[in-house]
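So this one's run-v8.csv, CSV, C-alpha atoms and all ligand atoms:
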chain,number,residue,atom,x,y,z
A,1,MET,CA,0.0,0.0,0.0
A,2,THR,CA,1.1,3.6,0.2
A,3,ASP,CA,4.3,4.4,2.1
A,4,ALA,CA,2.9,7.4,3.9
A,5,THR,CA,1.9,7.1,7.5
A,6,SER,CA,-1.3,9.0,6.7
A,7,PHE,CA,-3.5,8.0,3.8
A,8,ALA,CA,-2.2,9.4,0.5
A,9,GLU,CA,-5.1,10.4,-1.7
A,10,TYR,CA,-2.8,10.6,-4.8
A,11,VAL,CA,-0.4,7.8,-5.7
A,12,VAL,CA,1.8,6.6,-8.5
A,13,ILE,CA,0.9,3.0,-9.3
A,14,GLY,CA,3.4,0.7,-11.0
A,15,ASN,CA,5.6,-2.4,-10.6
A,16,PRO,CA,8.3,-1.8,-9.7
A,17,ILE,CA,7.6,1.6,-8.1
A,18,ALA,CA,10.3,2.2,-5.5
A,19,HIS,CA,12.4,4.3,-7.9
A,20,SER,CA,9.6,6.6,-8.9
A,21,LYS,CA,10.3,10.3,-8.6
A,22,SER,CA,6.6,11.2,-8.7
A,23,PRO,CA,6.0,11.5,-4.9
A,24,ASP,CA,8.9,13.9,-4.7
A,25,ILE,CA,7.7,16.0,-7.7
A,26,HIS,CA,4.1,16.2,-6.6
A,27,THR,CA,4.9,16.9,-3.0
A,28,ARG,CA,6.9,19.9,-4.2
A,29,PHE,CA,4.1,20.9,-6.5
A,30,ALA,CA,1.7,20.8,-3.6
A,31,ALA,CA,4.0,23.1,-1.5
A,32,ASP,CA,4.4,25.4,-4.4
A,33,THR,CA,0.7,25.8,-5.0
A,34,ALA,CA,-0.3,25.7,-1.3
A,35,GLN,CA,-2.5,22.6,-1.9
A,36,ASP,CA,-3.2,20.3,1.0
A,37,LEU,CA,-2.5,16.8,-0.4
A,38,ARG,CA,-0.5,13.7,0.2
A,39,TYR,CA,1.1,11.7,-2.6
A,40,GLY,CA,2.5,8.1,-2.2
A,41,ARG,CA,3.6,5.1,-4.0
A,42,LEU,CA,1.4,2.1,-4.7
A,43,LEU,CA,3.0,-1.2,-5.7
A,44,ALA,CA,0.4,-3.2,-7.5
A,45,PRO,CA,0.9,-7.0,-8.1
A,46,LEU,CA,1.5,-7.6,-11.8
A,47,ASP,CA,-1.8,-9.5,-12.0
A,48,GLY,CA,-3.6,-7.2,-9.6
A,49,PHE,CA,-3.8,-3.7,-11.1
A,50,VAL,CA,-7.6,-3.4,-11.2
A,51,ALA,CA,-8.0,-4.7,-7.7
A,52,ALA,CA,-5.4,-2.3,-6.4
A,53,VAL,CA,-7.1,0.7,-8.0
A,54,GLN,CA,-10.5,-0.4,-6.7
A,55,GLU,CA,-9.2,-0.7,-3.2
A,56,PHE,CA,-7.5,2.7,-3.4
A,57,VAL,CA,-10.7,4.3,-4.7
A,58,ALA,CA,-12.7,2.6,-1.9
A,59,GLN,CA,-10.3,4.1,0.6
A,60,GLY,CA,-10.9,7.6,-0.7
A,61,GLY,CA,-8.2,7.9,-3.4
A,62,LYS,CA,-8.7,10.9,-5.7
A,63,GLY,CA,-6.1,10.4,-8.4
A,64,ALA,CA,-3.2,8.3,-9.6
A,65,ASN,CA,-0.3,8.4,-12.0
A,66,VAL,CA,0.1,5.1,-13.8
A,67,THR,CA,3.4,3.8,-14.9
A,68,VAL,CA,5.0,0.7,-16.3
A,69,PRO,CA,3.5,-1.9,-16.9
A,70,PHE,CA,-0.1,-0.7,-16.3
A,71,LYS,CA,-0.8,2.1,-18.8
A,72,LEU,CA,-2.8,-0.1,-21.1
A,73,GLU,CA,-4.8,-1.6,-18.2
A,74,ALA,CA,-5.6,1.9,-17.0
A,75,TYR,CA,-6.8,2.7,-20.5
A,76,ALA,CA,-9.1,-0.2,-20.4
A,77,LEU,CA,-10.3,0.5,-16.9
A,78,ALA,CA,-11.2,4.2,-17.3
A,79,THR,CA,-14.9,5.0,-17.6
A,80,THR,CA,-14.1,8.2,-19.6
A,81,LEU,CA,-11.1,9.0,-21.8
A,82,THR,CA,-9.7,12.3,-22.9
A,83,THR,CA,-9.0,12.8,-26.6
A,84,ARG,CA,-5.2,12.7,-25.9
A,85,ALA,CA,-5.6,9.5,-24.0
A,86,LYS,CA,-7.5,7.9,-26.9
A,87,ALA,CA,-4.9,9.1,-29.3
A,88,ALA,CA,-2.1,7.7,-27.1
A,89,GLY,CA,-3.9,4.4,-26.6
A,90,ALA,CA,-2.7,4.5,-23.0
A,91,VAL,CA,-3.4,6.3,-19.7
A,92,ASN,CA,-0.8,7.7,-17.3
A,93,THR,CA,-3.3,9.8,-15.2
A,94,LEU,CA,-6.5,8.7,-13.5
A,95,LYS,CA,-8.9,11.0,-11.7
A,96,PHE,CA,-11.6,9.5,-9.5
A,97,ASP,CA,-14.6,11.7,-9.2
A,98,GLY,CA,-18.2,11.0,-8.3
A,99,GLY,CA,-17.9,7.2,-9.0
A,100,GLY,CA,-16.3,7.8,-12.4
A,101,MET,CA,-12.8,7.2,-13.5
A,102,LEU,CA,-11.3,9.7,-16.0
A,103,GLY,CA,-8.3,8.4,-18.0
A,104,ASP,CA,-5.9,11.0,-19.4
A,105,ASN,CA,-2.5,11.0,-20.9
A,106,THR,CA,-0.1,13.9,-20.2
A,107,ASP,CA,3.1,12.4,-21.6
A,108,GLY,CA,2.8,14.1,-25.0
A,109,ILE,CA,2.0,17.5,-23.7
A,110,GLY,CA,4.8,17.1,-21.2
A,111,LEU,CA,7.2,16.5,-24.1
A,112,VAL,CA,5.9,19.4,-26.1
A,113,THR,CA,6.0,21.8,-23.1
A,114,ASP,CA,9.6,20.9,-22.3
A,115,ILE,CA,10.7,21.4,-25.9
A,116,ALA,CA,8.6,24.5,-26.7
A,117,ARG,CA,8.8,26.4,-23.4
A,118,ASN,CA,11.8,25.1,-21.5
A,119,ALA,CA,14.1,24.5,-24.4
A,120,GLY,CA,12.6,27.6,-26.3
A,121,PHE,CA,12.2,25.6,-29.5
A,122,ASP,CA,9.3,26.7,-31.6
A,123,LEU,CA,7.8,23.6,-33.3
A,124,GLU,CA,5.7,25.4,-35.9
A,125,GLY,CA,6.9,24.9,-39.5
A,126,LYS,CA,9.7,22.6,-38.4
A,127,LYS,CA,10.9,19.2,-39.7
A,128,ILE,CA,10.7,16.5,-37.1
A,129,LEU,CA,12.1,13.0,-37.1
A,130,LEU,CA,10.5,10.7,-34.5
A,131,LEU,CA,12.5,7.5,-33.9
A,132,GLY,CA,10.3,4.6,-32.6
A,133,ALA,CA,6.8,3.4,-33.1
A,134,GLY,CA,6.0,1.8,-29.7
A,135,GLY,CA,3.9,3.2,-26.8
A,136,ALA,CA,6.2,6.1,-26.1
A,137,ALA,CA,6.2,7.3,-29.7
A,138,ARG,CA,2.4,6.9,-30.0
A,139,GLY,CA,1.9,8.9,-26.9
A,140,VAL,CA,3.5,12.1,-28.2
A,141,ILE,CA,2.3,12.2,-31.9
A,142,LEU,CA,-1.0,14.1,-31.3
A,143,PRO,CA,0.6,17.0,-29.3
A,144,LEU,CA,3.4,17.2,-31.8
A,145,LEU,CA,1.0,17.5,-34.7
A,146,GLU,CA,-1.0,20.1,-32.8
A,147,SER,CA,2.2,22.2,-32.7
A,148,HIS,CA,1.9,22.5,-36.5
A,149,PRO,CA,5.3,21.2,-37.7
A,150,ALA,CA,5.8,21.2,-41.5
A,151,GLN,CA,6.9,17.6,-41.6
A,152,LEU,CA,6.8,14.6,-39.2
A,153,VAL,CA,8.7,11.5,-40.3
A,154,ILE,CA,8.2,8.4,-38.0
A,155,ALA,CA,11.1,6.0,-38.5
A,156,ASN,CA,11.2,2.6,-36.8
A,157,ARG,CA,13.3,-0.6,-36.8
A,158,THR,CA,10.0,-2.3,-37.9
A,159,PRO,CA,8.7,0.1,-40.6
A,160,ALA,CA,5.3,-1.5,-40.7
A,161,LYS,CA,4.6,-0.3,-37.1
A,162,ALA,CA,5.5,3.3,-38.1
A,163,LEU,CA,3.2,3.0,-41.1
A,164,GLU,CA,0.3,1.9,-38.8
A,165,LEU,CA,0.9,5.1,-36.7
A,166,VAL,CA,0.9,7.3,-39.8
A,167,GLN,CA,-2.4,5.7,-40.9
A,168,GLN,CA,-3.9,6.3,-37.4
A,169,PHE,CA,-2.8,10.0,-37.2
A,170,GLN,CA,-3.3,11.1,-40.8
A,171,PRO,CA,-6.6,12.7,-39.9
A,172,PHE,CA,-4.8,15.0,-37.4
A,173,ALA,CA,-2.0,15.9,-39.7
A,174,GLU,CA,-3.7,18.8,-41.6
A,175,GLN,CA,-0.9,20.9,-43.1
A,176,CYS,CA,1.9,18.5,-41.9
A,177,ALA,CA,3.5,16.1,-44.2
A,178,LEU,CA,3.3,12.8,-42.2
A,179,SER,CA,5.2,9.8,-43.3
A,180,ALA,CA,6.8,6.5,-42.2
A,181,CYS,CA,10.0,4.7,-43.0
A,182,GLY,CA,12.9,2.5,-41.8
A,183,PHE,CA,16.0,4.0,-40.2
A,184,ALA,CA,18.1,3.4,-43.3
A,185,ASP,CA,15.7,5.5,-45.4
A,186,VAL,CA,16.3,8.7,-43.4
A,187,GLN,CA,19.0,10.8,-45.1
A,188,GLN,CA,17.9,14.4,-44.9
A,189,GLN,CA,18.6,16.9,-42.1
A,190,PHE,CA,15.9,17.6,-39.4
A,191,ASP,CA,15.3,20.5,-37.0
A,192,LEU,CA,14.2,18.2,-34.2
A,193,VAL,CA,15.1,14.5,-33.8
A,194,ILE,CA,13.2,12.7,-30.9
A,195,ASN,CA,14.3,9.3,-29.7
A,196,ALA,CA,11.2,7.5,-28.5
A,197,THR,CA,12.8,4.0,-28.9
A,198,SER,CA,13.8,2.0,-25.9
A,199,ALA,CA,17.3,1.6,-27.4
A,200,SER,CA,18.9,3.8,-24.7
A,201,LEU,CA,17.9,1.2,-22.1
A,202,GLN,CA,20.2,-1.2,-23.8
A,203,ALA,CA,22.9,1.4,-24.3
A,204,ASP,CA,22.1,1.3,-28.0
A,205,VAL,CA,21.5,3.9,-30.6
A,206,PRO,CA,18.9,3.6,-33.5
A,207,PRO,CA,21.0,3.2,-36.6
A,208,ILE,CA,20.4,6.6,-38.3
A,209,ALA,CA,22.7,8.5,-40.6
A,210,PRO,CA,24.7,11.3,-39.0
A,211,GLN,CA,23.5,13.8,-41.6
A,212,VAL,CA,20.1,14.0,-39.9
A,213,PHE,CA,21.8,16.3,-37.4
A,214,GLY,CA,23.0,19.8,-38.1
A,215,VAL,CA,24.3,22.5,-35.7
A,216,ALA,CA,20.7,23.9,-35.2
A,217,THR,CA,19.2,20.5,-34.7
A,218,LEU,CA,17.7,19.7,-31.3
A,219,ALA,CA,18.2,16.0,-30.5
A,220,TYR,CA,15.8,15.0,-27.7
A,221,ASP,CA,16.0,11.6,-25.9
A,222,MET,CA,12.8,10.8,-24.0
A,223,MET,CA,15.0,8.8,-21.6
A,224,TYR,CA,17.1,10.4,-18.9
A,225,GLY,CA,19.8,9.4,-16.5
A,226,LYS,CA,22.9,10.4,-14.7
A,227,GLN,CA,24.9,10.6,-17.9
A,228,PRO,CA,23.8,11.7,-21.4
A,229,THR,CA,22.3,8.8,-23.2
A,230,VAL,CA,24.2,7.1,-26.0
A,231,PHE,CA,21.8,8.7,-28.5
A,232,MET,CA,22.6,12.2,-27.0
A,233,GLN,CA,26.3,11.4,-27.2
A,234,PHE,CA,26.0,10.3,-30.9
A,235,ALA,CA,23.9,13.4,-31.8
A,236,ALA,CA,26.3,15.8,-30.0
A,237,ALA,CA,29.3,14.2,-31.7
A,238,HIS,CA,27.6,15.2,-35.0
A,239,GLY,CA,27.0,18.8,-33.9
A,240,ALA,CA,23.5,18.7,-32.6
A,241,GLN,CA,22.1,20.4,-29.5
A,242,VAL,CA,21.0,17.7,-27.0
A,243,ARG,CA,18.4,17.4,-24.3
A,244,ASP,CA,17.2,14.4,-22.2
A,245,GLY,CA,13.7,13.6,-21.0
A,246,LEU,CA,13.9,14.9,-17.4
A,247,GLY,CA,12.0,18.0,-18.3
A,248,MET,CA,9.3,15.9,-19.9
A,249,LEU,CA,9.0,13.9,-16.7
A,250,VAL,CA,8.4,17.1,-14.7
A,251,GLU,CA,6.1,18.7,-17.2
A,252,GLN,CA,3.9,15.6,-17.6
A,253,ALA,CA,3.6,15.5,-13.8
A,254,ALA,CA,2.6,19.2,-13.8
A,255,GLU,CA,-0.1,18.5,-16.3
A,256,SER,CA,-1.4,15.6,-14.2
A,257,PHE,CA,-1.4,17.9,-11.1
A,258,PHE,CA,-3.5,20.4,-13.1
A,259,VAL,CA,-5.9,17.7,-14.2
A,260,TRP,CA,-6.5,16.8,-10.5
A,261,ARG,CA,-6.4,20.1,-8.8
A,262,GLY,CA,-7.1,22.8,-11.5
A,263,VAL,CA,-3.9,24.6,-10.5
A,264,ARG,CA,-0.7,24.8,-12.5
A,265,PRO,CA,2.5,24.3,-10.5
A,266,ARG,CA,5.7,26.0,-11.4
A,267,THR,CA,8.2,23.4,-12.7
A,268,ASP,CA,11.6,25.2,-13.0
A,269,ALA,CA,12.8,24.6,-9.4
A,270,VAL,CA,11.7,21.0,-9.3
A,271,PHE,CA,13.6,20.4,-12.6
A,272,VAL,CA,16.8,21.9,-11.1
A,273,SER,CA,16.4,19.9,-7.9
A,274,LEU,CA,15.9,16.6,-9.8
A,275,ARG,CA,18.9,17.3,-12.0
A,276,THR,CA,21.0,18.0,-9.0
A,277,GLN,CA,19.9,14.7,-7.4
A,278,LEU,CA,20.8,12.8,-10.5
A,279,SER,CA,24.4,14.2,-10.7
B,1,LIG,P1,7.8,1.9,-25.2
B,1,LIG,O1,6.5,1.8,-24.4
B,1,LIG,O2,9.0,2.3,-24.4
B,1,LIG,O3,7.6,2.7,-26.5
B,1,LIG,P2,7.6,-0.5,-26.8
B,1,LIG,O4,6.2,-0.2,-27.1
B,1,LIG,O5,8.1,-1.9,-26.6
B,1,LIG,O6,8.1,0.4,-25.6
B,1,LIG,O7,8.4,0.1,-28.1
B,1,LIG,C1,9.8,0.1,-28.1
B,1,LIG,C2,10.3,0.9,-29.3
B,1,LIG,O8,11.7,0.9,-29.4
B,1,LIG,C3,9.9,0.2,-30.7
B,1,LIG,O9,9.8,1.2,-31.6
B,1,LIG,C4,11.1,-0.6,-31.0
B,1,LIG,O10,11.3,-1.0,-32.3
B,1,LIG,P3,10.4,-2.2,-33.0
B,1,LIG,O11,9.0,-1.7,-33.1
B,1,LIG,O12,11.1,-2.5,-34.2
B,1,LIG,O13,10.5,-3.3,-31.9
B,1,LIG,C5,12.2,0.3,-30.5
B,1,LIG,N1,13.5,-0.3,-30.2
B,1,LIG,C6,13.7,-1.1,-29.1
B,1,LIG,N2,15.0,-1.4,-29.1
B,1,LIG,C7,15.6,-0.9,-30.1
B,1,LIG,C8,17.0,-0.8,-30.6
B,1,LIG,N3,18.0,-1.5,-30.0
B,1,LIG,N4,17.2,-0.1,-31.8
B,1,LIG,C9,16.2,0.5,-32.4
B,1,LIG,N5,14.9,0.6,-32.0
B,1,LIG,C10,14.7,-0.2,-30.9
Represent the structure from my file as structure tokens, please.
Ligand code: ATR
Amino acid sequence: MTDATSFAEYVVIGNPIAHSKSPDIHTRFAADTAQDLRYGRLLAPLDGFVAAVQEFVAQGGKGANVTVPFKLEAYALATTLTTRAKAAGAVNTLKFDGGGMLGDNTDGIGLVTDIARNAGFDLEGKKILLLGAGGAARGVILPLLESHPAQLVIANRTPAKALELVQQFQPFAEQCALSACGFADVQQQFDLVINATSASLQADVPPIAPQVFGVATLAYDMMYGKQPTVFMQFAAAHGAQVRDGLGMLVEQAAESFFVWRGVRPRTDAVFVSLRTQLS
């Protein structure tokens, strides 16, 4: 159950969960916005996500962040889904209200806010290369398209999966040229290259040509860690500006906090503090 001595009405649910930074982030957000709330960790058994949520709600739980491996189960469990959760096909934020269960997904807006506001990179009219076609990639495509890039190329090791995403998101592409390909097909330079593959977890880099990077290119890895990821090292070695996913983590949390409480916390100090903790 939750690790707080008093009942935490907000939790992050996952398995494993001990490493999660969400309690630290949300406790700081609560202090920043003078909101009275407690936020804890909830370790759900791998075969017991639904029961864990039901028990939490019965005890008076108001909201939850959902992390690996339960985002698809949360999607199936929610009684109402936001447009961005439907597009992502996954839920990272649950809000329990009046017997209902709202499922939302704040990962994509977290990424876009970190890139547009924190990194000061205007996405409008830009050429974007998205590497990967799994859950992480799918979760960010709608907010990227809503930022009106000129071009979005989805490249994946298994090109057929990138093509499926293109077919799904074509109705949202409007003025954006949306296409799919394999890594070897990508030869042109991009303004923004986002690594949404899980390759960094295996200390691996998607095999893309170095010419996708220029000196004005922002290379963004959705992963983060103590050291720059191998993708960031590869991009930097070819002249690109680099950024990891720590800001995305903080911004997706801020959006979840807003969904629950209707108040937007400031994120800059939390980001700096997490960066310091990592180093
Ligand atoms: P996640 O939820 O993190 O997106 P996922 O849905 O399993 O996890 O997707 C993992 C993504 O990383 C996929 O795009 C996968 O490519 P495939 O669709 O071809 O499997 C990609 N990926 C994983 N390891 C990779 C590697 N070593 N090099 C390149 N791409 C990799």
* To do: Grab me every residue within 9 Å of ligand LIG 1 (chain B), counting all atoms listed in the file, and send it over as a PyMOL selection string.
  => chain A and resi 68-69+131-139+155-162+183+195-207
* Structure fact -> Pairwise distance, atom CA of A:Ile194 with atom CA of A:Gln175, equals 20.4 Å
* **Residue nearest A:Thr67 among A:Leu249, A:Val259, A:Leu81, A:Ile17 (counting all atoms listed in the file)** =>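 For A:Thr67, the nearest of the candidates is A:Ile17.
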* Asked: Quick one: residues within 10 Å of A:Leu42, only C-alpha atoms counted, chain neighbours fewer than 2 positions away excluded, as a ChimeraX atom specification?
  -> /A:1-3,8,10-18,39-40,44-45,52-53,56,64-66
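Within a radius of 12 Å around (-6.5, -6.2, -13.7), the polymer residues are Ala44, Pro45, Leu46, Asp47, Gly48, Phe49, Val50, Ala51, Ala52, Val53, Gln54, Pro69, Phe70, Lys71, Leu72, Glu73, Ala74, Tyr75, Ala76, Leu77 and Ala78 of chain A, counting all atoms listed in the file.
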* With all atoms listed in the file as the atoms that count, which of A:Leu192, A:Ile109, A:Leu129, A:Leu94 lies nearest to A:Gln252? ->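 Once distances to A:Gln252 are computed over all atoms listed in the file, the minimum belongs to A:Ile109.
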Excluding same-chain residues fewer than 4 positions from A:His26, what lies within 8 Å of it counting all atoms listed in the file, as a PDB file with C-alpha atoms, keeping the file's coordinate frame?
ATOM      1  CA  SER A  22       6.600  11.200  -8.700  1.00  0.00           C
ATOM      2  CA  ALA A  30       1.700  20.800  -3.600  1.00  0.00           C
ATOM      3  CA  TYR A  39       1.100  11.700  -2.600  1.00  0.00           C
ATOM      4  CA  ALA A 253       3.600  15.500 -13.800  1.00  0.00           C
ATOM      5  CA  ALA A 254       2.600  19.200 -13.800  1.00  0.00           C
ATOM      6  CA  PHE A 257      -1.400  17.900 -11.100  1.00  0.00           C
TER       7      PHE A 257
END
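Distances here use only C-alpha atoms; by that measure, the residue among A:Lys86, A:Glu251, A:Ser256, A:Ser6 closest to A:Ala269 is A:Glu251.
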* Excluding A:Gln188 and any residue of its chain fewer than 4 positions from it, enumerate the residues within 10 Å of it, using only C-alpha atoms, and give them as a list in words. =>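 These residues fall inside the cut-off: Lys127, Leu129, Ala209, Pro210, Gln211, Val212 and Phe213 of chain A.
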* **Separation of atom CA of A:Val215 from atom CA of A:Gln241, in Å and rounded to one decimal** =>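 It comes out at 6.9 Å.
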* Near A:Val140, within 8 Å and counting all atoms listed in the file, which residues show up once chain neighbours fewer than 3 positions away are dropped, as a list in words? -> Ala88, Asp107, Gly108, Ile109, Leu111, Val112, Ala136, Ala137, Pro143 and Leu144 of chain A
* **Nearby residues (only C-alpha atoms) at most 7 Å from A:Gln151, same-chain spacing under 2 positions excluded, as a PyMOL selection string** => chain A and resi 126-128+149+153+176-178
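Each of A:Lys21, A:Gln35, A:Gly103, A:Ala184 was compared to A:Arg275 using only C-alpha atoms, and A:Lys21 turns out to be the nearest.
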* Asked: Between A:Lys226, A:His238, A:His148, A:Arg261, which has the minimum distance to A:Gly63 (counting only C-alpha atoms)?
  ->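 The shortest atom-to-atom distance to A:Gly63 comes from A:Arg261.
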* Between atom CA of A:Gln277 and atom CA of A:Thr217, what is the spacing in Å? ->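 Calculated distance between atom CA of A:Thr217 and atom CA of A:Gln277 is 27.9 Å.
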* Asked: A:Val193, A:Ala31, A:Ala235, A:Leu142: which is nearest A:Ile115, counting all atoms listed in the file?
  ->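 Among the listed residues, the smallest separation from A:Ile115 belongs to A:Val193.
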